[in-house]
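run-v1.txt (compact mmCIF, C-alpha atoms) appears below.
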# COMPACT_ATOMS: atom_id res chain seq x y z
CA MET S 160 89.83 127.94 78.93
CA GLU S 161 87.82 124.85 78.12
CA TRP S 162 87.33 122.15 80.74
CA MET S 163 86.28 118.49 80.70
CA GLU S 164 85.95 115.89 83.43
CA ASN S 165 87.49 112.59 82.35
CA PRO S 166 84.75 109.99 81.73
CA TRP S 167 87.35 107.19 81.70
CA ARG S 168 88.89 107.95 85.11
CA GLY S 169 89.62 104.71 86.94
CA SER S 170 88.68 102.40 84.07
CA GLY S 171 90.80 103.69 81.20
CA LEU S 172 90.70 102.91 77.50
CA SER S 173 91.26 99.53 75.88
CA LEU S 174 94.41 99.80 73.78
CA PRO S 175 95.62 96.23 73.12
CA GLY S 176 99.38 95.85 72.82
CA VAL S 177 100.06 99.17 74.51
CA PRO S 178 101.62 99.03 78.00
CA MET S 179 100.68 101.26 80.89
CA PRO S 180 103.36 103.74 81.96
CA SER S 181 105.96 102.37 84.37
CA VAL S 182 105.92 103.35 88.04
CA ASP S 183 109.40 101.99 88.88
CA ALA S 184 111.69 104.95 89.53
CA THR S 185 114.59 102.87 90.84
CA ALA S 186 116.21 102.20 87.45
CA PRO S 187 116.43 105.82 86.25
CA GLU S 188 117.50 107.05 89.68
CA ALA S 189 120.27 104.42 89.82
CA LEU S 190 121.64 105.61 86.48
CA LEU S 191 121.30 109.28 87.33
CA VAL S 192 123.46 109.09 90.43
CA ARG S 193 126.33 108.03 88.14
CA CYS S 194 125.96 111.14 85.97
CA PRO S 195 128.30 114.00 86.96
CA ARG S 196 125.80 116.59 85.69
CA HIS S 197 122.93 115.27 87.77
CA CYS S 198 121.39 116.96 90.79
CA GLU S 199 117.80 117.23 91.94
CA THR S 200 115.88 120.19 90.56
CA PRO S 201 114.16 122.39 93.14
CA LEU S 202 110.52 122.46 94.22
CA LEU S 203 109.73 126.08 95.08
CA PRO S 204 106.76 127.97 96.53
CA ALA S 205 105.35 130.78 94.38
CA PRO S 206 103.27 132.96 96.74
CA ASP S 207 102.84 135.84 94.28
CA LEU S 208 101.46 133.49 91.64
CA ALA S 209 99.22 131.79 94.20
CA GLN S 210 97.74 135.15 95.13
CA GLN S 211 97.06 135.97 91.48
CA ALA S 212 95.46 132.55 90.93
CA GLY S 213 93.38 132.76 94.11
CA ALA S 214 95.01 129.56 95.39
CA GLY S 215 96.20 128.67 98.87
CA ALA S 216 99.66 127.87 97.49
CA ILE S 217 101.36 127.13 94.19
CA TRP S 218 104.39 124.86 94.21
CA ILE S 219 106.62 124.84 91.13
CA LYS S 220 108.90 121.97 90.18
CA ASP S 221 111.56 123.93 88.31
CA GLU S 222 113.09 121.85 85.50
CA ARG S 223 114.93 124.70 83.80
CA GLY S 224 118.31 123.60 85.13
CA ARG S 225 117.97 119.86 84.58
CA MET S 226 121.46 118.53 83.75
CA GLY S 227 122.39 121.73 81.95
CA LEU S 228 119.98 121.02 79.08
CA GLY S 229 117.22 123.41 80.10
CA SER S 230 114.27 121.04 80.44
CA PHE S 231 112.88 117.82 81.91
CA LYS S 232 113.56 116.12 78.56
CA ALA S 233 117.14 115.53 79.75
CA LEU S 234 115.69 112.62 81.76
CA GLY S 235 114.17 110.86 78.75
CA ALA S 236 116.17 109.98 75.65
CA ALA S 237 119.53 110.27 77.40
CA TYR S 238 118.30 107.68 79.92
CA VAL S 239 117.32 105.31 77.08
CA ILE S 240 120.79 105.68 75.52
CA ALA S 241 122.53 105.23 78.88
CA HIS S 242 120.47 102.09 79.46
CA ALA S 243 121.58 100.74 76.06
CA ALA S 244 125.21 101.59 76.83
CA GLN S 245 125.05 99.30 79.86
CA GLN S 246 124.53 96.42 77.43
CA GLY S 247 127.61 97.24 75.32
CA ALA S 248 129.49 99.92 73.39
CA LEU S 249 127.44 102.17 71.12
CA GLU S 250 130.21 103.06 68.68
CA GLY S 251 128.79 103.08 65.15
CA ARG S 252 125.17 103.36 66.31
CA THR S 253 123.05 106.26 65.07
CA TYR S 254 119.96 107.50 66.90
CA VAL S 255 117.46 109.46 64.86
CA THR S 256 114.37 111.34 65.95
CA ALA S 257 112.14 114.31 65.29
CA SER S 258 111.92 117.07 67.86
CA ALA S 259 110.72 120.55 68.62
CA GLY S 260 114.03 121.09 70.39
CA ASN S 261 114.22 119.66 73.91
CA HIS S 262 113.79 115.96 73.14
CA GLY S 263 116.40 116.34 70.44
CA LEU S 264 118.83 117.87 72.94
CA SER S 265 118.44 114.82 75.16
CA VAL S 266 119.09 112.46 72.22
CA ALA S 267 122.08 114.52 71.13
CA ALA S 268 123.60 114.75 74.61
CA GLY S 269 123.09 111.05 75.31
CA ALA S 270 124.61 110.05 71.98
CA ARG S 271 127.62 112.33 72.50
CA VAL S 272 128.34 111.05 76.01
CA PHE S 273 128.09 107.37 75.06
CA GLY S 274 129.88 107.47 71.72
CA ALA S 275 126.91 107.21 69.35
CA ARG S 276 125.75 109.56 66.59
CA ALA S 277 122.55 111.64 66.61
CA VAL S 278 120.51 112.88 63.66
CA ILE S 279 117.63 115.19 64.58
CA TYR S 280 114.83 116.11 62.18
CA LEU S 281 113.19 119.49 62.77
CA ALA S 282 110.10 121.00 61.21
CA ARG S 283 110.64 124.30 59.44
CA THR S 284 108.72 126.08 62.23
CA VAL S 285 111.26 125.15 64.94
CA PRO S 286 113.45 128.18 65.77
CA GLU S 287 116.99 128.17 64.44
CA SER S 288 118.22 128.77 67.99
CA PHE S 289 117.20 125.21 68.86
CA ALA S 290 118.95 123.88 65.77
CA ALA S 291 122.14 125.66 66.85
CA ARG S 292 121.95 124.15 70.33
CA LEU S 293 121.52 120.68 68.82
CA ARG S 294 124.60 121.19 66.65
CA ASP S 295 126.52 122.36 69.72
CA GLU S 296 125.69 119.00 71.31
CA GLY S 297 127.17 117.24 68.29
CA ALA S 298 123.97 116.34 66.43
CA GLU S 299 123.35 116.52 62.71
CA VAL S 300 120.23 118.59 62.04
CA VAL S 301 117.90 117.98 59.10
CA ARG S 302 114.94 120.23 58.29
CA ALA S 303 111.85 118.39 57.05
CA GLY S 304 108.15 119.29 56.90
CA ASP S 305 105.98 122.06 58.22
CA ASP S 306 105.06 120.45 61.56
CA TYR S 307 106.22 117.86 64.10
CA GLU S 308 104.26 115.03 62.48
CA ALA S 309 105.90 115.63 59.10
CA SER S 310 109.38 115.74 60.60
CA MET S 311 108.68 112.52 62.50
CA ALA S 312 107.59 110.81 59.29
CA ALA S 313 110.88 111.89 57.71
CA ALA S 314 112.83 110.52 60.70
CA GLU S 315 111.03 107.18 60.43
CA THR S 316 111.85 106.97 56.74
CA ALA S 317 115.52 107.71 57.43
CA ALA S 318 115.65 105.08 60.19
CA ARG S 319 114.35 102.40 57.82
CA ALA S 320 116.59 103.49 54.95
CA HIS S 321 119.84 103.59 56.95
CA GLY S 322 119.29 101.04 59.72
CA TRP S 323 119.33 103.75 62.40
CA VAL S 324 117.63 103.49 65.80
CA LEU S 325 114.46 105.55 65.89
CA LEU S 326 114.15 107.13 69.34
CA SER S 327 110.88 108.99 69.58
CA ASP S 328 109.27 110.47 72.66
CA SER S 329 105.91 109.30 71.33
CA SER S 330 104.47 105.82 70.78
CA TRP S 331 102.18 104.25 68.19
CA PRO S 332 101.07 100.76 67.14
CA GLY S 333 104.15 98.53 66.94
CA TYR S 334 106.46 101.16 68.47
CA VAL S 335 106.23 101.08 72.26
CA GLU S 336 109.41 99.59 73.79
CA LEU S 337 111.78 102.56 73.57
CA PRO S 338 109.19 105.26 74.35
CA HIS S 339 108.05 103.21 77.35
CA ARG S 340 111.63 103.24 78.66
CA LEU S 341 111.95 106.93 77.81
CA MET S 342 108.89 107.74 79.91
CA GLU S 343 110.44 105.68 82.72
CA GLY S 344 113.27 108.22 82.79
CA TYR S 345 110.78 110.97 83.71
CA LEU S 346 109.95 109.05 86.90
CA ALA S 347 113.13 110.44 88.46
CA MET S 348 111.42 113.84 88.48
CA ALA S 349 108.23 112.35 89.89
CA ALA S 350 110.14 110.63 92.69
CA GLU S 351 111.84 113.92 93.56
CA ILE S 352 108.45 115.63 93.75
CA THR S 353 107.05 113.09 96.21
CA ARG S 354 110.11 113.51 98.42
CA GLN S 355 110.13 117.32 98.20
CA MET S 356 106.43 118.13 98.69
CA PRO S 357 105.57 118.71 102.36
CA ALA S 358 102.23 116.93 101.78
CA PRO S 359 100.32 115.67 98.76
CA PRO S 360 98.81 118.62 96.85
CA ASP S 361 95.13 119.06 96.14
CA VAL S 362 95.62 119.75 92.41
CA VAL S 363 98.37 118.76 89.97
CA LEU S 364 98.54 120.55 86.60
CA LEU S 365 100.47 118.67 83.90
CA GLN S 366 100.97 120.21 80.47
CA ALA S 367 101.06 117.81 77.53
CA GLY S 368 102.13 117.61 73.92
CA VAL S 369 102.16 113.92 72.96
CA GLY S 370 101.69 113.31 76.70
CA GLY S 371 104.86 111.51 77.76
CA MET S 372 105.71 113.67 80.76
CA ALA S 373 102.10 113.96 81.90
CA GLY S 374 101.54 110.22 81.56
CA ALA S 375 104.67 109.29 83.50
CA ILE S 376 104.17 111.81 86.31
CA ALA S 377 100.46 110.99 86.70
CA ALA S 378 101.18 107.26 86.92
CA TYR S 379 103.82 107.72 89.62
CA LEU S 380 101.85 110.23 91.69
CA ARG S 381 98.87 107.87 91.69
CA HIS S 382 101.20 105.02 92.70
CA VAL S 383 102.53 106.99 95.69
CA TRP S 384 99.66 109.32 96.65
CA GLY S 385 96.64 107.36 95.46
CA GLY S 386 93.51 109.33 94.63
CA VAL S 387 94.33 112.38 96.79
CA PRO S 388 95.39 114.94 94.15
CA ARG S 389 93.14 115.95 91.31
CA ILE S 390 95.32 115.52 88.22
CA VAL S 391 94.52 117.85 85.33
CA VAL S 392 96.12 117.58 81.88
CA VAL S 393 96.62 120.93 80.12
CA GLU S 394 96.93 121.19 76.32
CA PRO S 395 96.90 124.05 73.80
CA ALA S 396 93.45 124.62 72.34
CA ALA S 397 95.23 124.49 68.96
CA ALA S 398 96.52 120.95 69.62
CA PRO S 399 93.92 118.96 71.61
CA ALA S 400 95.39 115.53 70.86
CA LEU S 401 94.66 113.90 74.22
CA TRP S 402 91.41 115.83 74.74
CA GLY S 403 90.04 114.70 71.37
CA SER S 404 91.01 111.09 71.99
CA ILE S 405 89.33 111.11 75.40
CA VAL S 406 86.17 112.51 73.82
CA ALA S 407 86.26 109.87 71.07
CA GLY S 408 87.17 107.01 73.43
CA ALA S 409 89.98 106.04 71.03
CA PRO S 410 93.16 107.60 69.61
CA VAL S 411 92.34 110.26 67.02
CA PRO S 412 94.52 112.96 65.45
CA ALA S 413 93.77 116.57 66.30
CA THR S 414 93.55 119.51 63.95
CA GLY S 415 94.30 123.14 64.57
CA PRO S 416 96.58 126.03 63.70
CA VAL S 417 100.23 126.28 64.71
CA SER S 418 100.49 127.10 68.42
CA ALA S 419 102.98 129.42 70.09
CA MET S 420 103.25 126.61 72.65
CA GLY S 421 105.57 124.94 70.18
CA ARG S 422 106.80 122.04 72.30
CA LEU S 423 103.16 121.18 73.08
CA ASP S 424 101.95 121.63 69.50
CA CYS S 425 101.52 117.91 68.80
CA LYS S 426 98.48 116.71 66.92
CA VAL S 427 98.80 112.95 67.60
CA PRO S 428 98.92 111.53 71.15
CA SER S 429 101.41 108.96 72.41
CA LEU S 430 99.45 105.75 72.93
CA ILE S 431 101.25 104.85 76.17
CA ALA S 432 100.52 108.30 77.59
CA LEU S 433 96.91 108.19 76.42
CA LYS S 434 96.35 104.79 78.01
CA GLY S 435 97.79 105.96 81.32
CA LEU S 436 96.09 109.34 81.42
CA ALA S 437 92.70 107.94 80.44
CA ARG S 438 92.81 105.98 83.71
CA GLU S 439 94.68 108.40 85.99
CA ALA S 440 93.71 111.96 85.00
CA ASP S 441 90.67 113.53 86.61
CA ALA S 442 90.17 116.24 84.01
CA PHE S 443 91.50 117.83 80.84
CA ALA S 444 91.85 121.54 80.07
CA LEU S 445 92.55 123.51 76.90
CA ILE S 446 94.18 126.91 77.17
CA SER S 447 94.17 129.59 74.49
CA GLU S 448 97.19 131.28 73.00
CA ALA S 449 96.27 134.47 74.87
CA GLU S 450 96.00 132.66 78.22
CA ALA S 451 99.42 131.12 77.72
CA GLU S 452 100.95 134.47 76.76
CA ARG S 453 99.41 136.29 79.76
CA ALA S 454 101.18 133.97 82.19
CA LEU S 455 104.70 134.81 81.01
CA ALA S 456 105.11 138.27 82.56
CA PRO S 457 103.86 137.27 86.05
CA LEU S 458 106.10 134.20 85.96
CA ALA S 459 109.15 136.23 85.00
CA ALA S 460 108.37 138.80 87.70
CA ALA S 461 108.22 135.99 90.27
CA GLY S 462 111.62 134.65 89.15
CA PHE S 463 110.27 131.81 87.01
CA ALA S 464 110.91 132.99 83.45
CA SER S 465 109.88 130.27 81.01
CA SER S 466 108.31 129.72 77.60
CA ALA S 467 104.62 129.42 76.79
CA SER S 468 105.11 125.66 76.58
CA GLY S 469 107.04 125.36 79.83
CA ALA S 470 104.54 127.49 81.75
CA ALA S 471 101.29 126.05 80.39
CA GLY S 472 100.32 124.41 83.69
CA VAL S 473 100.82 127.66 85.58
CA ALA S 474 98.89 129.49 82.85
CA ALA S 475 95.90 127.23 83.48
CA ALA S 476 95.98 128.08 87.18
CA LEU S 477 96.17 131.82 86.45
CA ALA S 478 93.31 131.54 83.93
CA GLY S 479 90.86 130.59 86.67
CA MET S 480 90.87 126.81 86.45
CA PRO S 481 88.03 125.10 88.37
CA GLY S 482 89.17 123.61 91.66
CA VAL S 483 91.88 126.18 92.33
CA GLY S 484 90.36 127.85 95.37
CA ALA S 485 91.57 129.79 98.39
CA GLN S 486 92.68 126.66 100.27
CA ALA S 487 94.01 124.67 97.33
CA GLN S 488 97.60 123.45 97.29
CA VAL S 489 98.56 123.36 93.59
CA LEU S 490 101.57 121.64 91.99
CA CYS S 491 102.81 122.82 88.59
CA ILE S 492 105.79 121.76 86.45
CA LEU S 493 107.93 124.52 84.94
CA SER S 494 109.15 122.20 82.24
CA GLU S 495 111.69 124.33 80.35
CA GLU S 496 113.70 127.53 80.38
CA ALA S 497 112.68 130.64 78.46
CA SER S 498 113.17 130.38 74.70

Written as structure tokens, how would this file's structure read?
Amino acid sequence: MEWMENPWRGSGLSLPGVPMPSVDATAPEALLVRCPRHCETPLLPAPDLAQQAGAGAIWIKDERGRMGLGSFKALGAAYVIAHAAQQGALEGRTYVTASAGNHGLSVAAGARVFGARAVIYLARTVPESFAARLRDEGAEVVRAGDDYEASMAAAETAARAHGWVLLSDSSWPGYVELPHRLMEGYLAMAAEITRQMPAPPDVVLLQAGVGGMAGAIAAYLRHVWGGVPRIVVVEPAAAPALWGSIVAGAPVPATGPVSAMGRLDCKVPSLIALKGLAREADAFALISEAEAERALAPLAAAGFASSASGAAGVAAALAGMPGVGAQAQVLCILSEEAS
């Protein structure tokens, strides 16, 4: 594992035209209480994992059952579509996006519930099992490109050509409004955490792809708990998009091989997430493919079966992350069910 203290902590990066992540959880929570599939996901102690990590305690926010979609992503795109539905009927509207699976499920489910259409672009490396789940939610699936960035470019082209609404979970220059609202949806999870934790933790480990979840959760935890927890962002060593941008002091694309942490294998950071995490995160960590893989068996044995992507924060703790000592109270997000 590689480790870096954040030189921009407290000051952040200057990214003109890019908003900071929202810290207002009232809007997503108000919509969620109207959803028949909604209930809070559990926050659970994991004593066996804490012993293996040498920590005082590990607490796991278990997102595997979120609204029947298997991941925290259910809070994102579906919230954006529900918000739009409050303004009027969505019949005839098409939402298009690229996804490694979970974001696409949220788009597909939201579109189905509110009478819109969903078209999801997948890279050729995304497992067919995810494509089948998307089709089961009523989405049209299109294969395009060898990685997430290529499939997103194809989705953007289709949105322009057909007049569809592009609903990405990332943000870039000129495209910030919808992803900002999407990240706001994740605040429902953050608000649950602050209510469920018996006391603020010492360390929070947040895995990141483009950074949307990490950026939203970090912003809210700072808003509620201040500077108490050390917030650490965990990325695959093969996809150090946020890490590289922090080092450069500006957004830069990352390079690397395909990672088995597929939902985190994003080579370009979301600008909103980067802006927030540059100010709020204390440190950044990169975990290897082997470190991610080694965490899966202990997690399953402890009753927390997940994927390499979903368990990346726990993997960092088990890999001997600095600051995880015998008295440390550690919060991790189990962000998705096993693949």

Any chance you could tabulate, as a Markdown table, the residues of stretch 416-465 of chain S at most 9 Å from stretch 209-230 of chain S with each one's nearest atom pair and distance in Å to one decimal, using all atoms listed in the file, in chain and rising number order?
| residue | atom | partner | partner_atom | distance |
| --- | --- | --- | --- | --- |
| S:Pro457 | CA | S:Gln211 | CA | 8.8 |
| S:Phe463 | CA | S:Asp221 | CA | 8.1 |
| S:Ser465 | CA | S:Arg223 | CA | 8.0 |

Practice task
Tell me which protein, DNA and RNA residues are within 8 Å of S:Ala419, counting all atoms listed in the file, leaving out same-chain ones fewer than 2 positions away, and put them as a list in words.
Solution key: Val417, Gly421, Asp424, Glu448, Ala467 and Ser468 of chain S

Problem - Which residue of S:Arg302, S:Lys232, S:Arg381, S:Arg438 approaches S:Leu264 most closely, using only C-alpha atoms - result: S:Lys232

Exercise for the section: Mind giving me the straight-line distance from atom CA of S:Ala350 to atom CA of S:Tyr238 in Å, one decimal? Expected result: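 Separation of atom CA of S:Ala350 and atom CA of S:Tyr238: 15.4 Å.
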
Handout entry: Gap from atom CA of S:Glu495 to atom CA of S:Gly469 - Å, one decimal
Key = 4.8 Å

Handout entry: Within 7 Å of stretch 393-404 of chain S using only C-alpha atoms, minus same-chain residues under 2 positions, as a PyMOL selection string
Key = chain S and resi 364-368+391+406-418+420+423-428+433+443-447+471-472

Exercise for the section: Skip stretch 266-269 of chain S itself and residues of its chain fewer than 2 positions away, then list as a list in words all residues within 7 Å of it, counting all atoms listed in the file. Expected result: Ala236, Ala237, Ile240, Ala241, His262, Gly263, Leu264, Arg271, Val272, Phe273, Ala277, Leu293, Glu296, Gly297 and Ala298 of chain S

With C-alpha atoms retained, write the just-selected residues as an mmCIF file, keeping the file's coordinate frame.
data_model
loop_
_atom_site.group_PDB
_atom_site.id
_atom_site.type_symbol
_atom_site.label_atom_id
_atom_site.label_comp_id
_atom_site.auth_asym_id
_atom_site.auth_seq_id
_atom_site.Cartn_x
_atom_site.Cartn_y
_atom_site.Cartn_z
ATOM 1 C CA ALA S 236 116.170 109.980 75.650
ATOM 2 C CA ALA S 237 119.530 110.270 77.400
ATOM 3 C CA ILE S 240 120.790 105.680 75.520
ATOM 4 C CA ALA S 241 122.530 105.230 78.880
ATOM 5 C CA HIS S 262 113.790 115.960 73.140
ATOM 6 C CA GLY S 263 116.400 116.340 70.440
ATOM 7 C CA LEU S 264 118.830 117.870 72.940
ATOM 8 C CA ARG S 271 127.620 112.330 72.500
ATOM 9 C CA VAL S 272 128.340 111.050 76.010
ATOM 10 C CA PHE S 273 128.090 107.370 75.060
ATOM 11 C CA ALA S 277 122.550 111.640 66.610
ATOM 12 C CA LEU S 293 121.520 120.680 68.820
ATOM 13 C CA GLU S 296 125.690 119.000 71.310
ATOM 14 C CA GLY S 297 127.170 117.240 68.290
ATOM 15 C CA ALA S 298 123.970 116.340 66.430
#

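Counting only C-alpha atoms, the residue from S:Asp441, S:Glu496, S:Glu351, S:Glu315 that sits nearest to S:Ile390 is S:Asp441.
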
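Distance check against S:Val392 using only C-alpha atoms: of S:Ala244, S:Ala485, S:Ala349, S:Val362, the minimum falls on S:Val362.
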
Practice task
Rank S:Ser327, S:Ser265, S:Ser466, S:Asn165 by their smallest atom-to-atom distance to S:Ser498, using only C-alpha atoms, and report the top residue only.
Solution key: S:Ser466

Fill in the blank from the handout: Min atom-atom distance to S:Ser330 from the set S:Ser429, S:Thr284, S:Thr256, S:Gln246, counting all atoms listed in the file, belongs to S:Ser429

Completion exercise
One residue among S:Phe289, S:Trp384, S:Tyr280, S:Tyr334 is nearest to S:Gly304 when using all atoms listed in the file, and that residue is S:Tyr280

Exercise for the section: For S:Pro388, please output as a ChimeraX atom specification all residues within 7 Å (counting all atoms listed in the file; exclusion window: fewer than 2 positions along the same chain). Expected result: /S:359-363,386,390

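Atom CA of S:Asp305 is positioned 22.9 Å from atom CA of S:Ala449.
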
Can you pull out the residues contacting S:Arg168? Cut-off 9 Å, using all atoms listed in the file, and skip same-chain residues under 5 positions away; I want them as a PDB file with C-alpha atoms, keeping the file's coordinate frame.
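And here is the file that came out, part_22.pdb:
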ATOM      1  CA  LEU S 436      96.090 109.340  81.420  1.00  0.00           C
ATOM      2  CA  ALA S 437      92.700 107.940  80.440  1.00  0.00           C
ATOM      3  CA  ARG S 438      92.810 105.980  83.710  1.00  0.00           C
ATOM      4  CA  GLU S 439      94.680 108.400  85.990  1.00  0.00           C
ATOM      5  CA  ALA S 440      93.710 111.960  85.000  1.00  0.00           C
ATOM      6  CA  ASP S 441      90.670 113.530  86.610  1.00  0.00           C
ATOM      7  CA  ALA S 442      90.170 116.240  84.010  1.00  0.00           C
TER       8      ALA S 442
END

Problem - Cut-off 6 Å around (99.9, 110.3, 82.6) with all atoms listed in the file: residues as a list in words - result: Ala373, Gly374, Ala375, Ile376, Ala377, Ala378, Ala432, Gly435 and Leu436 of chain S
